[in-house]
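Visitor: Quick one: this structure, given as structure tokens, is what I'll be asking you about.
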Amino acid sequence: MYDLIVKGGTVVDPSQNLHGPRDVAVRERTIEAVEKEISPDQGHEVLDASGHIVTPGLIDLHVHVYPGVSHYGIDADTHCLAHGVTTVVDAGSSGADTFEGFRRYIIDVSATRIFAFLNISSVGMVSPRVGELEDLRFADVERAVETIERNRDVIQGVKVRLSKSLVGENGLEPLKLALRAAQAVKMPVMVHPGNTPRPLSEILAMLRDRDVLTHCFHGSKYGILDEKGDVLETSRDAIRRGVVFDVGHGRGSFSFDIAQKALSQGVVPETISSDLHHYNVFGPVYSLSLTASKFLHLGLTLDETLAKVTSTPAKLLGIEKELGNLRRGSLADIAVFKLKEGSFMFEDSMGKTVVGKQLLEPAAVVKDGRPYCGTLRLTGRR
């Protein structure tokens, strides 16, 4: 007997190039079978996914889920897991001085699986009025390295925000310090650009293979396009070197116009993330699935879009053997969506609104084999 069967859906698993009718069987915390037909009599519980898309649990590479300490913080289980996102990466809400509380009171007790990029600023993203890197005494490389070494199971890299309002007169020095810490622990950095004190070309020149440029389609000063709307050659060079371009939608960091121009010139983000936080969770971002739906409008296929929120971020994080796929033996993280057809209003961070024709609407989620049934019918004998 299986503990759970997700039955009757269309499985889309980009890691296996799989797109078709399949049933998915779960035993304890792992996926035991993905087959065209599994009898419901073999399951203690059956989740009816007829007419729905069944995917690996989504992975959001950029969120802020440290409520009560970071002014950006939201509850991960309410705003991520309930929307089909089983794994998230908090992008710098905490630094060396605040990470212990983040781990003890958020990471270790949340149902959502949470990883983190540690802010090079030891205080993290605490104040809405003072930039965390205006005073470089907070950019303590040694403390960052010590914190990462104690928490390698959950910390994935180093975060640095480079907007002038956050670094003051310190220019790119915070990036140099973040890179020093990242190099010491052999991890990537995630860089937040937009209104930076120096051009993006100088920032990209410093980044390495697997470093992440989030907010890659922001509409502020010093973006990936030149004044004529052409993709900077330095942006292409960075992509060729292995720098990861990540969406990081956010409240002020995603422009439909920039995205359309970049995509038309062959620059496609490697990962789609939401940058979900207190100031955008009720618009314009709402959720990762809505952010992904915007890329269906921009011309990506369903399979391409889902890869950027499942298998690709899993590989970047080094967790692709257990997560981001529906292979037998992987952890049973499963998301179920209704792919709705119609007219849907999508807003970017610059106030522009477009009408999309498809919307990924969360219907159910399974995390570590445990079903959160949402709007779908769950039957069983347990």
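Naming scheme: A, B, ... for chains in displayed order of the structure tokens; residues 1 onward per chain; ligands 1 onward as shown.
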So which residues touch Leu326 of chain A within 10 Å, counting only C-alpha atoms, skipping near sequence neighbours fewer than 4 positions away, as a PyMOL selection string?
Guide: chain A and resi 11-16+18+24+30-34+54-57+311+322+330-334
Visitor: So that each row is one residue of segment 277-321 of chain A with an atom at most 12 Å from segment 118-140 of chain A, can you give its shortest atom pair and the distance in Å to one decimal, using only C-alpha atoms, rows by chain and rising number, as JSON lines?
Guide:
{"residue": "A:His277", "atom": "CA", "partner": "A:Met125", "partner_atom": "CA", "distance": 11.7}
{"residue": "A:His278", "atom": "CA", "partner": "A:Pro128", "partner_atom": "CA", "distance": 11.8}
{"residue": "A:Tyr279", "atom": "CA", "partner": "A:Pro128", "partner_atom": "CA", "distance": 11.3}
Visitor: Save out the residues we just selected, N, CA and C atoms, as an mmCIF file, in the first residue's frame.
Guide:
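New file selection26.cif:
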data_model
loop_
_atom_site.group_PDB
_atom_site.id
_atom_site.type_symbol
_atom_site.label_atom_id
_atom_site.label_comp_id
_atom_site.auth_asym_id
_atom_site.auth_seq_id
_atom_site.Cartn_x
_atom_site.Cartn_y
_atom_site.Cartn_z
ATOM 1 N N HIS A 277 7.752 39.653 -0.155
ATOM 2 C CA HIS A 277 7.973 40.225 1.177
ATOM 3 C C HIS A 277 6.764 41.065 1.597
ATOM 4 N N HIS A 278 6.869 41.670 2.757
ATOM 5 C CA HIS A 278 5.756 42.375 3.389
ATOM 6 C C HIS A 278 5.135 43.447 2.494
ATOM 7 N N TYR A 279 5.946 44.079 1.667
ATOM 8 C CA TYR A 279 5.479 45.221 0.898
ATOM 9 C C TYR A 279 4.908 44.855 -0.473
#
Visitor: May I ask for the distance between atom CA of Lys357 of chain A and atom CA of Thr214 of chain A, given in Å to one decimal place?
Guide: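 Separation between atom CA of Lys357 of chain A and atom CA of Thr214 of chain A: 26.5 Å.
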Visitor: Rank A:Leu378, A:Val65, A:Val89, A:Val145 by their smallest atom-to-atom distance to Ile106 of chain A, using only C-alpha atoms, and report the top residue only.
Guide: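 Closest to Ile106 of chain A, using only C-alpha atoms: A:Val65.
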Visitor: I'd like the neighbourhood of Arg152 of chain A as a PyMOL selection string, where a residue qualifies if any of its atoms comes within 10 Å (using only C-alpha atoms), though same-chain residues fewer than 6 positions away should be ignored.
Guide: chain A and resi 115-116+185
Visitor: Out of segment 222-300 of chain A, which residues get strand (DSSP E or B) from DSSP, as JSON, numbers by chain?
Guide: {"A": [225, 231, 244, 245, 246, 271, 276]}
Visitor: Let me make sure I understand: among A:Gly84, A:Gly252, A:Pro174, A:Gly324, which one has the smallest atom-to-atom distance to Pro371 of chain A if we use only C-alpha atoms?
Guide: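 Among the listed residues, A:Gly84 lies closest to Pro371 of chain A.
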Visitor: Kindly give the distance, in Å, that separates atom CA of Ile107 of chain A and atom CA of Gly92 of chain A, rounded to a single decimal.
Guide: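 These two atoms are separated by 13.6 Å.
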Visitor: Identify all residues of segment 31-116 of chain A in alpha helix (DSSP H) (DSSP on the backbone) and supply them as a list in words.
Guide: Ala76, Asp77, Thr78, His79, Phe99, Glu100, Gly101 and Phe102 of chain A
Visitor: Can you tell me how far atom CA of Asp41 of chain A sits from atom CA of Leu4 of chain A, in Å to one decimal?
Guide: 10.6 Å
Visitor: Of the residues A:Gly369, A:Gly9, A:Pro313, A:Gly299, which is the one nearest to Asp246 of chain A, using only C-alpha atoms?
Guide: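 The shortest atom-to-atom distance to Asp246 of chain A comes from A:Pro313.
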Visitor: Please provide the set of residues having any atom within 12 Å of segment 72-75 of chain A, restricted to only C-alpha atoms, with same-chain residues fewer than 3 positions apart removed, written as JSON, numbers by chain.
Guide: {"A": [63, 64, 65, 66, 67, 68, 69, 78, 79, 80, 81, 82, 88, 90, 91, 92, 93, 94, 102, 105, 106, 107, 109, 110, 111, 112, 114, 124, 125, 126, 127, 128, 250, 251, 275, 276, 277, 278, 279, 280, 281, 282, 286, 287]}
Visitor: Fewer than 5 positions away in the same chain doesn't count, so skip those; otherwise give me all residues within 7 Å of segment 190-194 of chain A, counting only C-alpha atoms, as number ranges by chain.
Guide: A: 158-163, 211-215, 218, 220-223
Visitor: Would you export the selected residues with C-alpha atoms as an mmCIF file, in the first residue's frame, please?
Guide:
data_model
loop_
_atom_site.group_PDB
_atom_site.id
_atom_site.type_symbol
_atom_site.label_atom_id
_atom_site.label_comp_id
_atom_site.auth_asym_id
_atom_site.auth_seq_id
_atom_site.Cartn_x
_atom_site.Cartn_y
_atom_site.Cartn_z
ATOM 1 C CA VAL A 158 26.247 35.436 0.769
ATOM 2 C CA LYS A 159 23.808 38.256 -0.072
ATOM 3 C CA VAL A 160 24.747 41.868 -0.752
ATOM 4 C CA ARG A 161 22.426 44.749 -1.657
ATOM 5 C CA LEU A 162 24.193 47.456 -3.645
ATOM 6 C CA SER A 163 21.661 50.247 -4.162
ATOM 7 C CA ASP A 211 27.089 33.879 -8.539
ATOM 8 C CA VAL A 212 23.542 35.222 -8.799
ATOM 9 C CA LEU A 213 22.407 38.550 -10.218
ATOM 10 C CA THR A 214 18.866 38.871 -8.908
ATOM 11 C CA HIS A 215 16.424 41.592 -10.090
ATOM 12 C CA HIS A 218 14.678 45.852 -12.940
ATOM 13 C CA SER A 220 16.043 51.419 -12.423
ATOM 14 C CA LYS A 221 19.395 53.021 -13.222
ATOM 15 C CA TYR A 222 22.188 50.695 -14.381
ATOM 16 C CA GLY A 223 20.295 47.695 -15.754
#
Visitor: For each of A:Leu288, A:Ala364, A:Leu207, A:Ile272, take the minimum atom-to-atom distance to Arg240 of chain A, counting only C-alpha atoms, then give the residue where this is smallest.
Guide: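 Closest residue, counting only C-alpha atoms: A:Leu207.
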Visitor: Rank nothing, just name the residue among A:Ser201, A:Ala259, A:Leu316, A:Lys294 nearest to Pro188 of chain A, using only C-alpha atoms.
Guide: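 Looking only at the distances to Pro188 of chain A, the closest residue turns out to be A:Leu316.
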